Every structure is written in structure tokens, then in C-alpha cells.
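Shown next, in C-alpha cells, is the structure this report addresses.
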Amino acid sequence: MSLVSIQHPLASSAEQIRVLDASARVRKPFARALADSELFPLRATGIRVFQINVGKLCNQTCLHCHVDAGPDRSEIMTRETAELCIEALSGTRIPVVDITGGAPELNPNFRWLVERARGLGRHVMDRCNLTVLLLPSQSGLAEFLARNEVEVICSLPYFLGEQTDAQRGAGVFERSIQALRKLNALGYGRAGAGLRLNLVYNPVGAFLPPSQAAAEADFKRELGRRYGIEFNSLYTITNMPISRFLEFLLRSGNYERYMEKLANSYNPVAAVGVMCRDTLSVGWDGVLYDCDFNQMLDIPVAGGAHIRDFRPDLLSRRLIVTGEHCYGCTAGGGSSCGGATA
Amino acid sequence: MAGYYHQEDLAHFPDVGKNAPELWRKFSEWYAAVFAEGALSEREKSLIALAVAHAVQCPYCIDAYTQACLEKGSNPEQMTEALHVASAIRGGASLVHGVQMRNAAAKVSL
């Protein structure tokens, strides 16, 4: 169940920010950590990735989801807004289009968006929960992705069922393995096929991810040995202390320790490489954000902007809006939609 | 002794160095070097540390290395097997002294 559907106080972004800001009173505020490493105020270096969040609808309800996505969520990008995205893109040379959700494939305009972005010659990435590939309503989806040479980035928090199902729901691991086999059969993740299949590791609990290189080696060995599955790269992503994961942290009594761990693990090198510096995030309703996490906290780009008023010249050197949750991207090896940053 | 160990006390571990700073510095450097990636991976070293933590029954070490094992990518199955290794050595170490018991009994027996 999403936090929204049970009317949980943390469904409100204002309440999440209130909780996070309170923790800034007992440890170094994130802005000061940035200032100490001469990165404040944080500024964009350009726009390399145009990330489109096409909505909160999902066929899963994962316990750590920063979107609070689920089958009960109805926020979804319309064709009109998707057209504005393509129009905005067409006037730029932004090389990468990253489509996320929810389960982005459940948006009725998903395939249209992919085809148009590919038509503009852009590299397209689909953030896929794997199980969506097996839904009867999505027949031919994997083949569509392969035909359009879409890079598929799949969530798989562990190479064992117990951990994966604990985070993503009963039976998800088994279906994820089926979906990965389907992608492998199409050439995804196979050497020389040119179809990139990357996996995303999120810790199944209140701890930081392992070294990306070490985890990738473990996943390659274990998924190969146990299931005959191949993939290209593993991205380790730290769980962001917002939305459902924040609810878990507070409910389980792990919140203070986790925030302390994130703050104590602040890595200036990871801070230099945070994704917001070369990413622009578009919300389902067309509002622009510095990243998908700010989007879920309803913190738009400085001054506020909508895709219909897209100004790449200004946005590519904008000041980034930060908050206490940003420690999630700068801890240890760093964390981004493309994995570790340090 | 209920409440003798407190989770938050681990953060005060460096206070132990206050009356012998040079020894603490040497210990800290050596400790960091021991757990760095080497012939064994950091993940393997954390599993060994977890097993030893249980053998010496240090609550701080159990807490710290449970977290460390998870952060290095180990799973509860691997961590439990590590504990069994420690327990087997502890149990075996007792049991193998049965040889001494048998020697002593043989010496005084007809």
C-alpha cells in the first residue's frame, strides 16, 4: 500500500522535509558540508541527461520506494506533456533520455515517447522493474525495447529471493529472473549484442551499499552460476531517506543512526559528481526539478519552471536546490541513477 | 548486568586513547590496514571479524560487523555460516581436550 492510500502523514512532502530538517539541528547541515568542500552553492555543469518521470503508477509497491508508487497511484504524464518534452528535446543536443516512474512502461504514451526520442537520435534508458515485462497487458514490450535499442536499467536488490522479495514483494524475485532470461534471450546483456542491460542494487535495509565493483563481481558470479543470467553493469544506489524508506527508518527506530551514517560518510569526491549537476528531471505534470528525489519532495528548480517554458541555456548553469536528503547521494562511494559517483 | 553495554558507547571508543595517544594512533593505523582490501577482500575480512566477534562475544563488534557484512554485500546465509565456523572452533576446542582427559584418566587407571 502506498503512503498516500493509507493517508500516512509522511505521504506529505512537507512532513518529510520537516522530519529531515529537524535532523539538521543535531548534525552538520548538508549545505555546510558542501561549503566545507567548496561546493556551495552547488551549480549545474550542463544537461547531459533529460530524465522524464512519466508517473507514479506501478504494478509493485516496494518498501523502499522514494516515489511512493503503486497500483493505486493515478498521477501520470499526458500525451500533451510528453509532446512538450519531445519539443523541448528537439531544440537541444542533450544526448540521453532517461525514462522513469513508477513503472514507466505502464504509461500509455511510453512507447510513443521512446520512438520519438530515438527518432531524435537520443540514447534512451528505461528504468524497468522487470516484472512489468511479464504482464499480459505489456506483451511485446521486451521486443519493443530491443528493437529501439533502449538501454534497460533493472532493479534487482540481491541475487537471492529472500532479500529481493523482502524489499519488492512476494514472488518478485522469481518473476524478475524470468524477465531477465527473456531479456538475455533477446540479446540484452550479451557480449557484442549492443543491447545494454544494467542492474540496480539497493540495500535491503538501513545500511549503505557495498563497493560497486565488488558487488558487480558477486552478482555476475552468482546470477551466472545460479540462473545463467548475464548483464553489463551493476549500479549501487543508496536508499534515500524520504517517502517509504523514511517511514521504515522511523518505524524501525533506525532513522537517527542512518542519518548519522550518511552524514559521517559524506565524501567530497562523491559530492563533486552528484547527478543533479548534469541531469534535469521532468515531473509527470511537466514541472522541472534538479533530480527525481527533489521531485518527490516537491522541490522544483530554483525559481520554478515548467517544460513549456524550457530554457536550456539558463537551466544548464542553474543553482541546484539541496536539502538534508542530499546526504544520500554523497555518502561513501556516492550514489546516482548511474550508480556510484566516487 | 543489565544495561552494562550501550550501543551509543561505541562512538566513545576513541576516548580510550586519551591516556595513551601514541598507542591509540598505532592501533588505529594498524586496524585500518588490517581491514583494507588485500589478499582477502574487504567482504571476506568482515565475515572473519563477525565470526571472531561472536567467539569473543563483544557486543560492539557484533553490531559493527553485522552492519559491515551487510554493507560489503554479504547475506544472512553467509553470515550465519561464518558464525557456525566460530562456534565449531569453540566447540571443537573444548572437545579436543577430551584427549587430555583421556590421558589423565589413563595415567591413574590400572
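Ordering of the C-alpha cells sets the chain letters (A, B, ...), residue numbers begin anew at 1 in every chain, and ligands are numbered from 1 in the order given.
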May I have a table of the residues of chain B lying at most 6 Å from chain A, giving each one's closest pair of atoms and their distance in Å to one decimal, counting only C-alpha atoms, ordered by chain and ascending residue number, as a Markdown table?
```
| residue | atom | partner | partner_atom | distance |
| --- | --- | --- | --- | --- |
| B:Glu71 | CA | A:Pro210 | CA | 4.8 |
| B:Lys72 | CA | A:Pro210 | CA | 4.4 |
| B:Gly73 | CA | A:Pro210 | CA | 5.4 |
```
12 Å contact set for Ala24 (chain A), only C-alpha atoms, chain neighbours under 2 positions out, as a ChimeraX atom specification: /A:17-22,26-33,256,259-260,263,323-327
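Proximity to region 60-66 of chain B at 9 Å, evaluated using only C-alpha atoms and with sequence-adjacent residues fewer than 6 positions away removed, yields Tyr5, His6, Gln7, Asp9, Leu10, Ser46, Leu47, Ala49, Leu50, Ala51, Val52, Ala53, His54 and Met79 of chain B.
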Can you spit out the residues from that selection as a JSON list (two decimals), in the first residue's frame, using C-alpha atoms?
```
[["chain", "number", "residue", "atom", "x", "y", "z"],
["B", 5, "TYR", "CA", 26.76, -2.23, 27.27],
["B", 6, "HIS", "CA", 25.15, 0.67, 25.39],
["B", 7, "GLN", "CA", 25.08, 0.92, 21.60],
["B", 9, "ASP", "CA", 29.08, 3.90, 23.77],
["B", 10, "LEU", "CA", 30.86, 2.62, 20.66],
["B", 46, "SER", "CA", 34.27, -8.56, 7.58],
["B", 47, "LEU", "CA", 32.93, -12.12, 7.71],
["B", 49, "ALA", "CA", 35.59, -10.28, 12.01],
["B", 50, "LEU", "CA", 31.93, -11.17, 12.54],
["B", 51, "ALA", "CA", 32.85, -14.76, 13.41],
["B", 52, "VAL", "CA", 35.59, -13.65, 15.82],
["B", 53, "ALA", "CA", 33.23, -11.07, 17.36],
["B", 54, "HIS", "CA", 30.90, -13.91, 18.30],
["B", 79, "MET", "CA", 26.94, -14.52, 7.92]]
```
Nearby residues (only C-alpha atoms) at most 9 Å from Thr45 (chain A), same-chain spacing under 6 positions excluded, as a ChimeraX atom specification: /A:277-278,316-318
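What separates CA of Arg196 (chain A) from CA of Asn107 (chain A) is a distance of 22.4 Å.
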Shell around Glu230 (chain A) at 10 Å using only C-alpha atoms, local window under 2 positions removed, as a list in words: Leu180, Arg181, Leu183, Asn184, Gly187, Tyr188, Gly189, Arg190, Ala191, Leu197, Asn198, Phe219, Lys220, Arg221, Leu223, Gly224, Arg225, Tyr227, Gly228, Asn232 and Ser233 of chain A
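In terms of minimum interatomic distance to Leu42 (chain A), A:Thr322 ranks closest within A:Ser90, A:Thr322, A:Thr279, A:Ser252, counting only C-alpha atoms.
The space between CA of Phe110 (chain A) and CA of Val54 (chain A) spans 7.9 Å.
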Residues near region 90-107 of chain B, cut-off 10 Å, only C-alpha atoms, skip fewer than 5 positions along chain, as an NGL selection string: :B and (55-56 or 84-85)
Residue neighbourhood Cys62 (chain A), 10 Å, only C-alpha atoms, exclusion window fewer than 2 positions, as a list of chain:residue names: A:Met1, A:Ser2, A:Cys58, A:Asn59, A:Gln60, A:His64, A:Cys65, A:His66, A:Val67, A:Asp68, A:Ala69, A:Gly70, A:Thr164, A:Asp165, A:Ala166, A:Gln167, A:Arg168, A:Gly169, A:Val172, A:Arg244, A:Phe245
Selection to disk with N, CA and C atoms, as a PDB file, in the first residue's frame:
```pdb
ATOM      1  N   MET A   1       0.850  -1.195   0.000  1.00  0.00           N
ATOM      2  CA  MET A   1       0.000   0.000   0.000  1.00  0.00           C
ATOM      3  C   MET A   1       0.887   1.246   0.000  1.00  0.00           C
ATOM      4  N   SER A   2       0.495   2.213  -0.811  1.00  0.00           N
ATOM      5  CA  SER A   2       1.266   3.463  -0.818  1.00  0.00           C
ATOM      6  C   SER A   2       0.934   4.262   0.445  1.00  0.00           C
ATOM      7  N   CYS A  58       2.467   2.001 -10.727  1.00  0.00           N
ATOM      8  CA  CYS A  58       3.402   0.870 -10.747  1.00  0.00           C
ATOM      9  C   CYS A  58       2.629  -0.404 -10.421  1.00  0.00           C
ATOM     10  N   ASN A  59       3.109  -1.544 -10.918  1.00  0.00           N
ATOM     11  CA  ASN A  59       2.486  -2.824 -10.576  1.00  0.00           C
ATOM     12  C   ASN A  59       3.073  -3.403  -9.289  1.00  0.00           C
ATOM     13  N   GLN A  60       4.068  -2.738  -8.709  1.00  0.00           N
ATOM     14  CA  GLN A  60       4.661  -3.181  -7.442  1.00  0.00           C
ATOM     15  C   GLN A  60       4.532  -2.055  -6.403  1.00  0.00           C
ATOM     16  N   HIS A  64      10.961   0.390  -0.173  1.00  0.00           N
ATOM     17  CA  HIS A  64      11.931   1.492  -0.091  1.00  0.00           C
ATOM     18  C   HIS A  64      11.615   2.596  -1.104  1.00  0.00           C
ATOM     19  N   CYS A  65      10.506   2.483  -1.822  1.00  0.00           N
ATOM     20  CA  CYS A  65      10.249   3.349  -2.989  1.00  0.00           C
ATOM     21  C   CYS A  65      10.202   4.831  -2.619  1.00  0.00           C
ATOM     22  N   HIS A  66      11.059   5.617  -3.264  1.00  0.00           N
ATOM     23  CA  HIS A  66      11.106   7.052  -2.968  1.00  0.00           C
ATOM     24  C   HIS A  66       9.972   7.803  -3.676  1.00  0.00           C
ATOM     25  N   VAL A  67       9.293   7.123  -4.593  1.00  0.00           N
ATOM     26  CA  VAL A  67       8.198   7.747  -5.347  1.00  0.00           C
ATOM     27  C   VAL A  67       6.856   7.512  -4.644  1.00  0.00           C
ATOM     28  N   ASP A  68       6.834   6.532  -3.728  1.00  0.00           N
ATOM     29  CA  ASP A  68       5.564   6.076  -3.143  1.00  0.00           C
ATOM     30  C   ASP A  68       4.632   5.599  -4.263  1.00  0.00           C
ATOM     31  N   ALA A  69       5.239   4.923  -5.221  1.00  0.00           N
ATOM     32  CA  ALA A  69       4.485   4.438  -6.386  1.00  0.00           C
ATOM     33  C   ALA A  69       3.679   3.193  -6.022  1.00  0.00           C
ATOM     34  N   GLY A  70       2.719   2.872  -6.875  1.00  0.00           N
ATOM     35  CA  GLY A  70       1.930   1.665  -6.648  1.00  0.00           C
ATOM     36  C   GLY A  70       0.745   1.602  -7.589  1.00  0.00           C
ATOM     37  N   THR A 164      15.354 -10.033  -2.052  1.00  0.00           N
ATOM     38  CA  THR A 164      14.636  -9.311  -3.102  1.00  0.00           C
ATOM     39  C   THR A 164      13.151  -9.206  -2.765  1.00  0.00           C
ATOM     40  N   ASP A 165      12.553 -10.322  -2.365  1.00  0.00           N
ATOM     41  CA  ASP A 165      11.123 -10.313  -2.048  1.00  0.00           C
ATOM     42  C   ASP A 165      10.823  -9.472  -0.812  1.00  0.00           C
ATOM     43  N   ALA A 166      11.768  -9.442   0.148  1.00  0.00           N
ATOM     44  CA  ALA A 166      11.549  -8.640   1.352  1.00  0.00           C
ATOM     45  C   ALA A 166      11.399  -7.168   0.981  1.00  0.00           C
ATOM     46  N   GLN A 167      12.126  -6.729  -0.024  1.00  0.00           N
ATOM     47  CA  GLN A 167      12.059  -5.319  -0.433  1.00  0.00           C
ATOM     48  C   GLN A 167      10.947  -5.046  -1.441  1.00  0.00           C
ATOM     49  N   ARG A 168      10.739  -5.996  -2.371  1.00  0.00           N
ATOM     50  CA  ARG A 168       9.922  -5.701  -3.550  1.00  0.00           C
ATOM     51  C   ARG A 168       8.583  -6.440  -3.606  1.00  0.00           C
ATOM     52  N   GLY A 169       8.386  -7.392  -2.668  1.00  0.00           N
ATOM     53  CA  GLY A 169       7.113  -8.098  -2.618  1.00  0.00           C
ATOM     54  C   GLY A 169       7.273  -9.589  -2.934  1.00  0.00           C
ATOM     55  N   VAL A 172       8.413 -11.603  -6.374  1.00  0.00           N
ATOM     56  CA  VAL A 172       9.031 -10.681  -7.348  1.00  0.00           C
ATOM     57  C   VAL A 172      10.357 -11.248  -7.876  1.00  0.00           C
ATOM     58  N   ARG A 244       8.729   6.202   1.468  1.00  0.00           N
ATOM     59  CA  ARG A 244       8.518   4.933   2.181  1.00  0.00           C
ATOM     60  C   ARG A 244       9.733   4.481   2.970  1.00  0.00           C
ATOM     61  N   PHE A 245      10.934   4.789   2.462  1.00  0.00           N
ATOM     62  CA  PHE A 245      12.117   4.368   3.212  1.00  0.00           C
ATOM     63  C   PHE A 245      12.248   5.201   4.493  1.00  0.00           C
TER      64      PHE A 245
END
```
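Atom to atom, CA of Phe40 (chain A) and CA of Gly339 (chain A) stand 22.9 Å apart.
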